[in-house]
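The data block below is target00.txt; it holds compact mmCIF, C-alpha atoms.
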```txt
# COMPACT_ATOMS: atom_id res chain seq x y z
CA MET Y 4 -55.09 93.11 42.72
CA LYS Y 5 -51.35 93.59 42.52
CA ASN Y 6 -50.88 90.01 41.39
CA ARG Y 7 -53.43 90.48 38.67
CA LYS Y 8 -51.66 93.59 37.47
CA MET Y 9 -48.34 91.79 37.41
CA SER Y 10 -49.89 88.90 35.50
CA LEU Y 11 -51.26 91.28 32.94
CA HIS Y 12 -47.87 92.91 32.52
CA ALA Y 13 -46.25 89.56 32.09
CA LEU Y 14 -48.83 88.57 29.54
CA LEU Y 15 -48.19 91.74 27.61
CA GLY Y 16 -44.49 91.10 27.80
CA PHE Y 17 -45.04 87.69 26.38
CA LEU Y 18 -46.95 89.28 23.51
CA VAL Y 19 -44.01 91.50 22.83
CA LEU Y 20 -41.88 88.42 22.40
CA ALA Y 21 -44.42 87.00 20.00
CA LEU Y 22 -44.35 90.30 18.17
CA GLY Y 23 -40.68 89.86 17.49
CA ALA Y 24 -41.11 86.62 15.70
CA PRO Y 25 -42.90 86.67 12.43
CA ALA Y 26 -40.92 87.78 9.46
CA LEU Y 27 -43.27 85.73 7.41
CA ARG Y 28 -42.87 84.40 3.93
CA ALA Y 29 -44.60 86.38 1.27
CA GLU Y 30 -46.79 83.88 -0.56
CA SER Y 31 -48.35 82.45 2.56
CA ASP Y 32 -51.42 83.48 4.46
CA PRO Y 33 -50.28 85.95 7.13
CA LEU Y 34 -52.78 84.56 9.66
CA VAL Y 35 -51.50 80.99 9.37
CA LEU Y 36 -47.89 82.11 9.64
CA LEU Y 37 -48.54 84.43 12.58
CA ARG Y 38 -50.43 81.67 14.40
CA ASP Y 39 -47.69 79.12 13.80
CA THR Y 40 -45.00 81.49 15.02
CA VAL Y 41 -46.91 82.43 18.15
CA ASP Y 42 -47.61 78.73 18.83
CA THR Y 43 -43.92 77.85 18.52
CA ILE Y 44 -42.90 80.57 20.96
CA VAL Y 45 -45.68 79.66 23.40
CA GLU Y 46 -44.50 76.04 23.29
CA ARG Y 47 -40.93 77.12 24.19
CA LEU Y 48 -42.00 79.46 26.97
CA PHE Y 49 -44.73 77.34 28.51
CA PRO Y 50 -43.60 73.73 28.34
CA ASP Y 51 -46.13 71.55 30.22
CA GLY Y 52 -48.49 74.51 30.37
CA VAL Y 53 -46.48 76.59 32.87
CA ALA Y 54 -43.64 79.07 32.38
CA ALA Y 55 -41.28 77.32 34.79
CA ASP Y 56 -38.04 78.97 33.75
CA PRO Y 57 -38.52 81.54 31.00
CA ALA Y 58 -35.08 83.07 31.52
CA SER Y 59 -33.38 79.89 30.38
CA ALA Y 60 -35.69 79.53 27.38
CA MET Y 61 -34.97 83.10 26.39
CA PRO Y 62 -31.77 82.56 24.38
CA GLU Y 63 -33.55 80.01 22.22
CA VAL Y 64 -36.59 82.23 21.78
CA ARG Y 65 -34.29 85.08 20.89
CA ARG Y 66 -32.51 82.94 18.32
CA LEU Y 67 -35.88 81.97 16.81
CA VAL Y 68 -36.89 85.60 16.69
CA GLU Y 69 -33.67 86.88 15.16
CA GLU Y 70 -33.54 84.15 12.55
CA ARG Y 71 -36.62 85.55 10.96
CA PHE Y 72 -37.19 89.04 12.19
CA ASP Y 73 -35.70 92.41 11.44
CA PHE Y 74 -35.96 94.54 14.57
CA SER Y 75 -35.19 97.68 12.63
CA VAL Y 76 -38.81 97.94 11.41
CA ILE Y 77 -40.42 98.19 14.82
CA SER Y 78 -37.54 100.08 16.43
CA ARG Y 79 -37.64 102.75 13.75
CA ARG Y 80 -41.39 103.12 14.15
CA ALA Y 81 -41.09 103.26 17.92
CA ILE Y 82 -38.82 106.30 17.81
CA GLY Y 83 -40.76 108.07 15.01
CA ARG Y 84 -39.31 111.39 13.96
CA GLY Y 85 -36.46 111.05 16.44
CA TRP Y 86 -34.85 108.52 14.07
CA ASN Y 87 -33.46 111.33 11.93
CA ARG Y 88 -31.88 112.97 14.96
CA LEU Y 89 -29.67 109.97 15.63
CA SER Y 90 -26.35 109.57 13.82
CA GLU Y 91 -25.88 106.34 11.86
CA ALA Y 92 -23.83 104.81 14.65
CA GLN Y 93 -26.50 105.83 17.17
CA GLN Y 94 -29.22 104.29 14.99
CA VAL Y 95 -27.41 100.95 15.03
CA ARG Y 96 -26.89 101.12 18.81
CA TYR Y 97 -30.49 102.14 19.38
CA THR Y 98 -31.87 99.26 17.26
CA THR Y 99 -29.85 96.70 19.23
CA LEU Y 100 -30.81 98.26 22.55
CA PHE Y 101 -34.49 98.38 21.67
CA ALA Y 102 -34.43 94.68 20.76
CA ASP Y 103 -32.70 93.94 24.09
CA LEU Y 104 -35.26 96.02 25.93
CA LEU Y 105 -38.21 94.20 24.33
CA MET Y 106 -36.71 90.77 24.95
CA HIS Y 107 -35.68 91.38 28.55
CA THR Y 108 -38.42 93.56 29.95
CA TYR Y 109 -40.84 90.93 31.14
CA THR Y 110 -38.81 87.72 31.27
CA ASP Y 111 -38.92 87.33 35.04
CA ARG Y 112 -42.57 88.22 35.22
CA LEU Y 113 -43.53 85.20 33.16
CA THR Y 114 -42.28 82.79 35.81
CA GLY Y 115 -45.03 80.60 37.18
CA LEU Y 116 -47.71 81.81 34.77
CA ARG Y 117 -49.96 79.32 33.04
CA ARG Y 118 -50.21 79.06 29.30
CA PRO Y 119 -52.78 81.49 27.86
CA GLN Y 120 -55.32 80.44 25.23
CA PHE Y 121 -55.57 82.17 21.88
CA GLU Y 122 -58.56 82.87 19.69
CA TRP Y 123 -57.78 84.15 16.23
CA GLY Y 124 -60.11 86.50 14.43
CA GLY Y 125 -60.22 87.60 10.85
CA VAL Y 126 -57.62 89.21 8.63
CA GLN Y 127 -58.54 92.68 7.49
CA GLU Y 128 -56.80 93.97 4.41
CA LEU Y 129 -55.96 97.63 4.80
CA GLY Y 130 -54.86 98.37 1.31
CA ARG Y 131 -51.59 97.61 -0.34
CA ASP Y 132 -49.31 95.19 1.55
CA ARG Y 133 -50.89 95.87 4.90
CA VAL Y 134 -53.14 93.73 7.07
CA GLU Y 135 -54.56 93.75 10.57
CA ILE Y 136 -55.20 90.49 12.43
CA ASP Y 137 -57.59 90.43 15.37
CA SER Y 138 -57.06 88.03 18.23
CA THR Y 139 -58.21 87.45 21.77
CA ILE Y 140 -56.12 86.11 24.60
CA LEU Y 141 -57.86 84.24 27.36
CA TYR Y 142 -56.03 84.22 30.63
CA GLU Y 143 -57.51 83.26 33.99
CA GLY Y 144 -61.05 84.02 32.90
CA GLU Y 145 -60.16 87.42 31.41
CA ARG Y 146 -60.25 88.27 27.73
CA TYR Y 147 -57.73 90.65 26.21
CA ALA Y 148 -58.20 92.04 22.71
CA VAL Y 149 -54.96 92.07 20.74
CA VAL Y 150 -54.59 93.37 17.21
CA TYR Y 151 -51.47 92.55 15.19
CA ARG Y 152 -50.53 94.94 12.41
CA LEU Y 153 -48.45 93.51 9.60
CA VAL Y 154 -46.80 95.03 6.57
CA ARG Y 155 -45.26 93.23 3.60
CA MET Y 156 -41.72 94.46 3.08
CA GLY Y 157 -39.44 93.08 0.41
CA GLY Y 158 -41.65 89.98 0.12
CA ASP Y 159 -41.79 89.21 3.85
CA TRP Y 160 -44.59 89.86 6.28
CA GLN Y 161 -43.38 91.82 9.30
CA VAL Y 162 -45.34 92.59 12.43
CA TYR Y 163 -44.83 96.31 12.98
CA ASP Y 164 -47.22 97.04 15.83
CA LEU Y 165 -49.42 95.44 18.46
CA VAL Y 166 -52.55 97.06 19.80
CA ILE Y 167 -53.43 95.63 23.20
CA GLU Y 168 -56.82 96.65 24.56
CA GLY Y 169 -56.77 99.68 22.28
CA VAL Y 170 -53.27 100.83 23.22
CA SER Y 171 -50.58 100.75 20.56
CA LEU Y 172 -47.20 99.37 21.64
CA VAL Y 173 -45.32 101.51 19.13
CA GLY Y 174 -47.35 104.58 20.11
CA ASN Y 175 -46.61 103.99 23.77
CA PHE Y 176 -42.85 103.73 23.20
CA ARG Y 177 -42.89 106.64 20.75
CA SER Y 178 -44.33 109.08 23.28
CA GLN Y 179 -41.81 107.99 25.92
CA PHE Y 180 -38.82 108.09 23.56
CA THR Y 181 -39.79 111.46 22.07
CA SER Y 182 -40.06 112.95 25.52
CA VAL Y 183 -36.58 111.71 26.61
CA LEU Y 184 -35.02 112.76 23.27
CA ASP Y 185 -36.48 116.25 23.51
CA ARG Y 186 -35.42 116.79 27.07
CA ARG Y 187 -31.99 115.22 27.04
CA GLY Y 188 -30.75 114.80 23.46
CA PRO Y 189 -29.74 111.72 21.43
CA GLU Y 190 -26.61 110.67 23.35
CA ALA Y 191 -28.31 110.84 26.75
CA PHE Y 192 -31.29 108.97 25.29
CA ILE Y 193 -29.07 106.08 24.12
CA GLN Y 194 -27.36 106.14 27.53
CA THR Y 195 -30.73 105.91 29.27
CA LEU Y 196 -31.61 102.84 27.21
CA GLU Y 197 -28.20 101.32 27.89
CA ASP Y 198 -28.59 101.82 31.64
CA ARG Y 199 -32.08 100.34 31.55
CA VAL Y 200 -30.98 97.23 29.63
CA ALA Y 201 -27.90 96.80 31.86
CA ALA Y 202 -30.12 96.99 34.95
CA GLN Y 203 -32.45 94.37 33.49
CA LYS Y 204 -29.58 92.03 32.67
CA ALA Y 205 -28.15 92.42 36.16
CA GLY Y 206 -31.56 91.76 37.69
CA SER Y 207 -32.36 88.62 35.71
CA MET P 25 -85.25 160.29 -11.89
CA ARG P 26 -85.43 160.75 -8.13
CA LYS P 27 -87.37 157.49 -7.79
CA LEU P 28 -84.66 155.64 -9.70
CA LYS P 29 -81.96 157.01 -7.35
CA ILE P 30 -83.82 155.82 -4.26
CA GLU P 31 -84.32 152.38 -5.74
CA THR P 32 -80.62 152.12 -6.59
CA LEU P 33 -79.68 153.12 -3.05
CA VAL P 34 -82.06 150.57 -1.55
CA GLY P 35 -80.65 147.93 -3.92
CA LEU P 36 -77.11 148.75 -2.84
CA PHE P 37 -78.10 148.66 0.81
CA VAL P 38 -79.65 145.19 0.40
CA LEU P 39 -76.55 144.00 -1.46
CA VAL P 40 -74.21 145.23 1.28
CA GLY P 41 -76.46 143.52 3.82
CA LEU P 42 -76.29 140.23 1.95
CA VAL P 43 -72.48 140.40 1.68
CA ALA P 44 -72.27 141.08 5.42
CA ILE P 45 -74.52 138.10 6.18
CA ALA P 46 -72.47 135.85 3.89
CA TYR P 47 -69.23 137.02 5.52
CA LEU P 48 -70.61 136.36 9.01
CA SER P 49 -71.88 132.93 8.04
CA ILE P 50 -68.48 131.94 6.68
CA LYS P 51 -66.60 133.31 9.69
CA ILE P 52 -68.87 131.80 12.31
CA GLY P 53 -69.47 128.53 10.49
CA GLY P 54 -65.78 128.05 9.82
CA ALA P 55 -66.54 127.13 6.22
CA ARG P 56 -63.79 127.32 3.67
CA PHE P 57 -64.37 127.54 -0.07
CA PHE P 58 -60.76 127.55 -1.12
CA GLY P 59 -58.71 124.58 0.06
CA GLY P 60 -55.45 126.27 -0.75
CA ASP P 61 -54.00 126.40 2.75
CA HIS P 62 -55.10 122.94 3.92
CA TYR P 63 -55.17 119.38 2.69
CA GLU P 64 -57.19 116.39 3.85
CA LEU P 65 -56.13 113.04 5.24
CA GLN P 66 -58.19 110.09 6.44
CA ALA P 67 -57.86 107.73 9.38
CA ARG P 68 -59.54 104.43 10.14
CA PHE P 69 -60.62 103.64 13.71
CA THR P 70 -62.55 100.77 15.24
CA ASN P 71 -64.22 103.16 17.67
CA VAL P 72 -64.24 106.95 17.60
CA GLY P 73 -66.15 107.28 20.88
CA GLY P 74 -68.41 110.09 19.71
CA LEU P 75 -65.81 112.20 17.90
CA ASN P 76 -67.63 114.94 16.00
CA ARG P 77 -67.14 117.03 12.91
CA GLY P 78 -65.16 120.13 13.81
CA ALA P 79 -63.16 118.37 16.55
CA ASP P 80 -59.54 119.43 16.94
CA VAL P 81 -56.56 117.66 15.39
CA ARG P 82 -53.48 118.22 17.53
CA ILE P 83 -49.77 117.55 17.44
CA GLY P 84 -47.96 117.95 20.74
CA GLY P 85 -51.12 119.49 22.19
CA VAL P 86 -51.19 122.27 19.56
CA SER P 87 -54.32 122.47 17.43
CA ILE P 88 -53.34 122.23 13.76
CA GLY P 89 -56.56 121.22 12.02
CA GLN P 90 -60.13 119.99 12.26
CA VAL P 91 -62.17 116.89 11.62
CA THR P 92 -64.27 117.45 8.50
CA GLU P 93 -66.20 114.17 8.33
CA VAL P 94 -66.93 111.11 10.47
CA ARG P 95 -68.68 108.20 8.81
CA LEU P 96 -69.17 104.47 9.12
CA ASP P 97 -67.71 102.13 6.51
CA HIS P 98 -70.70 99.90 5.75
CA GLU P 99 -68.56 96.92 4.74
CA THR P 100 -66.10 96.72 7.60
CA PHE P 101 -68.03 98.72 10.22
CA ALA P 102 -64.90 100.73 10.85
CA ALA P 103 -65.19 104.46 11.52
CA MET P 104 -63.57 106.56 8.81
CA VAL P 105 -62.51 110.04 9.81
CA ARG P 106 -61.53 112.77 7.39
CA PHE P 107 -59.52 115.69 8.74
CA ARG P 108 -57.72 118.78 7.55
CA VAL P 109 -54.11 119.73 8.21
CA PRO P 110 -52.15 122.74 6.96
CA VAL P 111 -50.25 122.59 3.68
CA GLY P 112 -46.53 122.51 4.44
CA LEU P 113 -46.97 120.16 7.38
CA GLU P 114 -45.47 116.95 6.06
CA LEU P 115 -46.67 113.84 7.85
CA GLU P 116 -45.11 110.46 7.22
CA ASP P 117 -46.99 107.20 6.71
CA ASP P 118 -46.15 105.81 10.15
CA THR P 119 -47.85 108.71 11.91
CA ILE P 120 -50.12 107.39 14.67
CA ALA P 121 -53.56 108.96 15.10
CA SER P 122 -55.11 108.50 18.55
CA ILE P 123 -58.49 109.57 19.84
CA ARG P 124 -58.03 111.41 23.12
CA THR P 125 -60.23 113.26 25.54
CA SER P 126 -59.47 116.71 26.89
CA GLY P 127 -60.02 116.46 30.61
CA LEU P 128 -61.97 113.68 32.27
CA ILE P 129 -65.31 114.33 30.56
CA GLY P 130 -64.15 116.76 27.90
CA ASP P 131 -64.39 116.73 24.12
CA ARG P 132 -62.77 114.12 21.95
CA PHE P 133 -59.93 115.17 19.68
CA ILE P 134 -57.40 113.48 17.43
CA SER P 135 -53.80 113.49 18.58
CA LEU P 136 -51.19 112.83 15.90
CA SER P 137 -47.82 111.36 16.77
CA PRO P 138 -45.55 112.07 13.78
CA GLY P 139 -43.50 109.20 12.40
CA GLY P 140 -40.14 109.07 10.68
CA SER P 141 -40.53 106.50 7.90
CA GLY P 142 -39.44 108.90 5.18
CA ILE P 143 -42.60 108.24 3.12
CA VAL P 144 -44.66 111.44 3.13
CA LEU P 145 -48.46 111.15 3.05
CA ALA P 146 -50.22 112.66 0.04
CA PRO P 147 -53.61 114.42 0.26
CA GLY P 148 -56.40 111.84 0.69
CA ASP P 149 -54.12 109.10 2.05
CA ILE P 150 -55.37 106.90 4.87
CA LEU P 151 -53.70 106.46 8.25
CA PHE P 152 -54.10 102.88 9.45
CA ASP P 153 -51.95 103.18 12.56
CA THR P 154 -54.58 104.42 14.95
CA GLU P 155 -55.60 104.09 18.56
CA SER P 156 -59.34 104.11 19.08
CA ALA P 157 -61.14 105.83 21.90
CA ILE P 158 -60.71 104.13 25.24
CA GLU P 159 -64.02 104.14 27.01
CA LEU P 160 -64.02 104.79 30.69
CA GLU P 161 -67.13 102.67 31.16
CA SER P 162 -65.52 99.55 29.73
CA LEU P 163 -62.42 100.07 31.88
CA ILE P 164 -64.58 100.43 34.97
CA SER P 165 -66.61 97.31 34.16
CA ARG P 166 -63.43 95.32 33.53
CA PHE P 167 -62.07 96.51 36.83
CA ALA P 168 -65.32 95.69 38.61
CA PHE P 169 -65.60 92.18 37.16
CA GLY P 170 -61.93 91.56 37.79
CA SER P 171 -62.18 92.46 41.45
CA VAL P 172 -64.90 89.85 42.02
CA GLU P 173 -62.40 87.06 41.35
CA ASP P 174 -59.63 88.42 43.59
```
Write the structure described by the file as structure tokens, please.
Amino acid sequence: MKNRKMSLHALLGFLVLALGAPALRAESDPLVLLRDTVDTIVERLFPDGVAADPASAMPEVRRLVEERFDFSVISRRAIGRGWNRLSEAQQVRYTTLFADLLMHTYTDRLTGLRRPQFEWGGVQELGRDRVEIDSTILYEGERYAVVYRLVRMGGDWQVYDLVIEGVSLVGNFRSQFTSVLDRRGPEAFIQTLEDRVAAQKAGS
Amino acid sequence: MRKLKIETLVGLFVLVGLVAIAYLSIKIGGARFFGGDHYELQARFTNVGGLNRGADVRIGGVSIGQVTEVRLDHETFAAMVRFRVPVGLELEDDTIASIRTSGLIGDRFISLSPGGSGIVLAPGDILFDTESAIELESLISRFAFGSVED
């Protein structure tokens, strides 16, 4: 059971990486662009169908992500109202740390996992410049429902949230961040993130 | 003359009775005729898990409003929920609305997690960032099927 749980975590971590990728061009179909981006990252992380050494692939994945993605969108959403409590310098530090946190969290857990299969569902338009894309991930006989939420900002499509089995990634981080911010204040919150990222780097 | 007086009194008595009944109905039913102190927002969910009209809307566990309508969108089969929040409570467009349960088998309510995008929602706006109800039954069945393979 523990192995299964770990696998699931790793899979979710992998999704987070995929989340980072698509700052998609405006004219194109968001589904096609999202699929291509996810495929590219999957190819990097699971060469020959197995994640043999994800840690070494990580710098390249990160480069791919940062070439096309603005982490400020998701990081700002993840902190919610707390954003206004941070000073400008703290906002910059927080954005970098949040990106680090997302990229590092599950790297080790991917090791040895097989490549998951993807099924893409339809694109639902939710009004102006906003779409939701349904997908299913098949991994070791299990199906996981994943919904990508995208918004068009300044001509580019950006993924701003992932809903995995009904749980929102941004919502999950927001409740944790709000709780730490309320209890300990902005500076201690940034310090907590720094410690967490440092521990992850040391561990990997 | 005397007959007229009695009839007037009876009329007044009936009128007072009617006003009292109307007052009670409004108080007990929670109906509001003047929307001055509240405004309405909408949220779109894939599954509301039996959320009902009159259910609480909470922020940080504090009840701030009520659900006024739950209906099915016949085109997308999404559940559209209309709810009321107090005027003066500014919610931004990245607010997340989640369907939660009070206690293990308690009532469903909507929990709002306020955002910080800087774009304030206007009355009637729709929240798309939602978390649908998580059904205990489906979690249990997933767990049960999963354990067969282990």
- Distance filter 10 Å, all atoms listed in the file, chain P against chain Y, as an MDAnalysis selection string: chainID P and resid 68 70:71 84 100 115:116 118:122 137:142 150:159 163 166:167 169:171 173:174
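With all atoms listed in the file as the atoms that count, the minimum distance from P:Asp117 to the choices P:Met104, P:Val91, P:Ile83, P:Leu136 is reached by P:Leu136.
Our summary of the geometry notes that atom CA of Y:Thr139 is positioned 6.5 Å from atom CA of Y:Trp123.
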- Query: Y:Ala102: which residues within 9 Å, counting all atoms listed in the file, same-chain residues fewer than 5 positions away excluded, as a PyMOL selection string?
  - Reply: chain Y and resi 23+74-75+78+97+107
- Place a sphere of radius 7 Å on (-64.7, 106.9, 15.5) in the file coordinates and name every protein, DNA or RNA residue with an atom inside or on its surface, counting only C-alpha atoms; give the answer as a VMD selection string. chain P and resid 69 to 75 94 103 to 105
Write the residues of the selection above to a file with C-alpha atoms, as a PDB file, in the frame of the given file.
```
ATOM      1  CA  PHE P  69     -60.620 103.640  13.710  1.00  0.00           C
ATOM      2  CA  THR P  70     -62.550 100.770  15.240  1.00  0.00           C
ATOM      3  CA  ASN P  71     -64.220 103.160  17.670  1.00  0.00           C
ATOM      4  CA  VAL P  72     -64.240 106.950  17.600  1.00  0.00           C
ATOM      5  CA  GLY P  73     -66.150 107.280  20.880  1.00  0.00           C
ATOM      6  CA  GLY P  74     -68.410 110.090  19.710  1.00  0.00           C
ATOM      7  CA  LEU P  75     -65.810 112.200  17.900  1.00  0.00           C
ATOM      8  CA  VAL P  94     -66.930 111.110  10.470  1.00  0.00           C
ATOM      9  CA  ALA P 103     -65.190 104.460  11.520  1.00  0.00           C
ATOM     10  CA  MET P 104     -63.570 106.560   8.810  1.00  0.00           C
ATOM     11  CA  VAL P 105     -62.510 110.040   9.810  1.00  0.00           C
TER      12      VAL P 105
END
```
- Item | Residues within 10 Å of (-50.1, 119.3, 6.9), counting only C-alpha atoms, listed as a ChimeraX atom specification | /P:61-65,88-89,108-115,145-147
- Just how far from atom CA of Y:Leu105 is atom CA of Y:Leu172, in Å to one decimal? 10.7 Å
- Message: What does the structure give for the distance between atom CA of P:Asp80 and atom CA of P:Leu48, in Å to one decimal?
- Response: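 These two atoms are separated by 21.7 Å.
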Complete stretch 86-110 of chain Y at the level of N, CA and C atoms, written as a tab-separated table (two decimals), keeping the file's coordinate frame.
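Output saved as part_27.tsv:
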```tsv
chain	number	residue	atom	x	y	z
Y	86	TRP	N	-35.80	109.33	14.83
Y	86	TRP	CA	-34.85	108.52	14.07
Y	86	TRP	C	-33.84	109.40	13.32
Y	87	ASN	N	-34.33	110.46	12.73
Y	87	ASN	CA	-33.46	111.33	11.93
Y	87	ASN	C	-32.51	112.16	12.79
Y	88	ARG	N	-32.77	112.20	14.08
Y	88	ARG	CA	-31.88	112.97	14.96
Y	88	ARG	C	-30.69	112.14	15.42
Y	89	LEU	N	-30.78	110.83	15.22
Y	89	LEU	CA	-29.67	109.97	15.63
Y	89	LEU	C	-28.66	109.87	14.48
Y	90	SER	N	-27.37	109.80	14.85
Y	90	SER	CA	-26.35	109.57	13.82
Y	90	SER	C	-26.47	108.10	13.39
Y	91	GLU	N	-25.78	107.73	12.33
Y	91	GLU	CA	-25.88	106.34	11.86
Y	91	GLU	C	-25.43	105.35	12.92
Y	92	ALA	N	-24.34	105.70	13.61
Y	92	ALA	CA	-23.83	104.81	14.65
Y	92	ALA	C	-24.86	104.70	15.78
Y	93	GLN	N	-25.48	105.83	16.11
Y	93	GLN	CA	-26.50	105.83	17.17
Y	93	GLN	C	-27.73	105.01	16.77
Y	94	GLN	N	-28.07	105.07	15.47
Y	94	GLN	CA	-29.22	104.29	14.99
Y	94	GLN	C	-28.97	102.80	15.17
Y	95	VAL	N	-27.75	102.37	14.87
Y	95	VAL	CA	-27.41	100.95	15.03
Y	95	VAL	C	-27.48	100.56	16.51
Y	96	ARG	N	-26.89	101.41	17.36
Y	96	ARG	CA	-26.89	101.12	18.81
Y	96	ARG	C	-28.32	101.09	19.35
Y	97	TYR	N	-29.11	102.05	18.90
Y	97	TYR	CA	-30.49	102.14	19.38
Y	97	TYR	C	-31.29	100.89	18.99
Y	98	THR	N	-31.11	100.43	17.73
Y	98	THR	CA	-31.87	99.26	17.26
Y	98	THR	C	-31.55	98.04	18.12
Y	99	THR	N	-30.25	97.84	18.40
Y	99	THR	CA	-29.85	96.70	19.23
Y	99	THR	C	-30.42	96.83	20.64
Y	100	LEU	N	-30.32	98.04	21.19
Y	100	LEU	CA	-30.81	98.26	22.55
Y	100	LEU	C	-32.31	98.07	22.66
Y	101	PHE	N	-33.03	98.50	21.64
Y	101	PHE	CA	-34.49	98.38	21.67
Y	101	PHE	C	-34.88	96.90	21.64
Y	102	ALA	N	-34.17	96.13	20.81
Y	102	ALA	CA	-34.43	94.68	20.76
Y	102	ALA	C	-34.16	94.06	22.13
Y	103	ASP	N	-33.04	94.45	22.74
Y	103	ASP	CA	-32.70	93.94	24.09
Y	103	ASP	C	-33.81	94.28	25.08
Y	104	LEU	N	-34.24	95.53	24.99
Y	104	LEU	CA	-35.26	96.02	25.93
Y	104	LEU	C	-36.54	95.19	25.81
Y	105	LEU	N	-36.98	94.97	24.55
Y	105	LEU	CA	-38.21	94.20	24.33
Y	105	LEU	C	-38.05	92.77	24.84
Y	106	MET	N	-36.90	92.17	24.59
Y	106	MET	CA	-36.71	90.77	24.95
Y	106	MET	C	-36.60	90.58	26.47
Y	107	HIS	N	-35.96	91.57	27.13
Y	107	HIS	CA	-35.68	91.38	28.55
Y	107	HIS	C	-36.79	91.84	29.49
Y	108	THR	N	-37.55	92.84	29.02
Y	108	THR	CA	-38.42	93.56	29.95
Y	108	THR	C	-39.24	92.66	30.88
Y	109	TYR	N	-39.87	91.64	30.29
Y	109	TYR	CA	-40.84	90.93	31.14
Y	109	TYR	C	-40.45	89.49	31.44
Y	110	THR	N	-39.20	89.12	31.13
Y	110	THR	CA	-38.81	87.72	31.27
Y	110	THR	C	-39.15	87.15	32.65
```
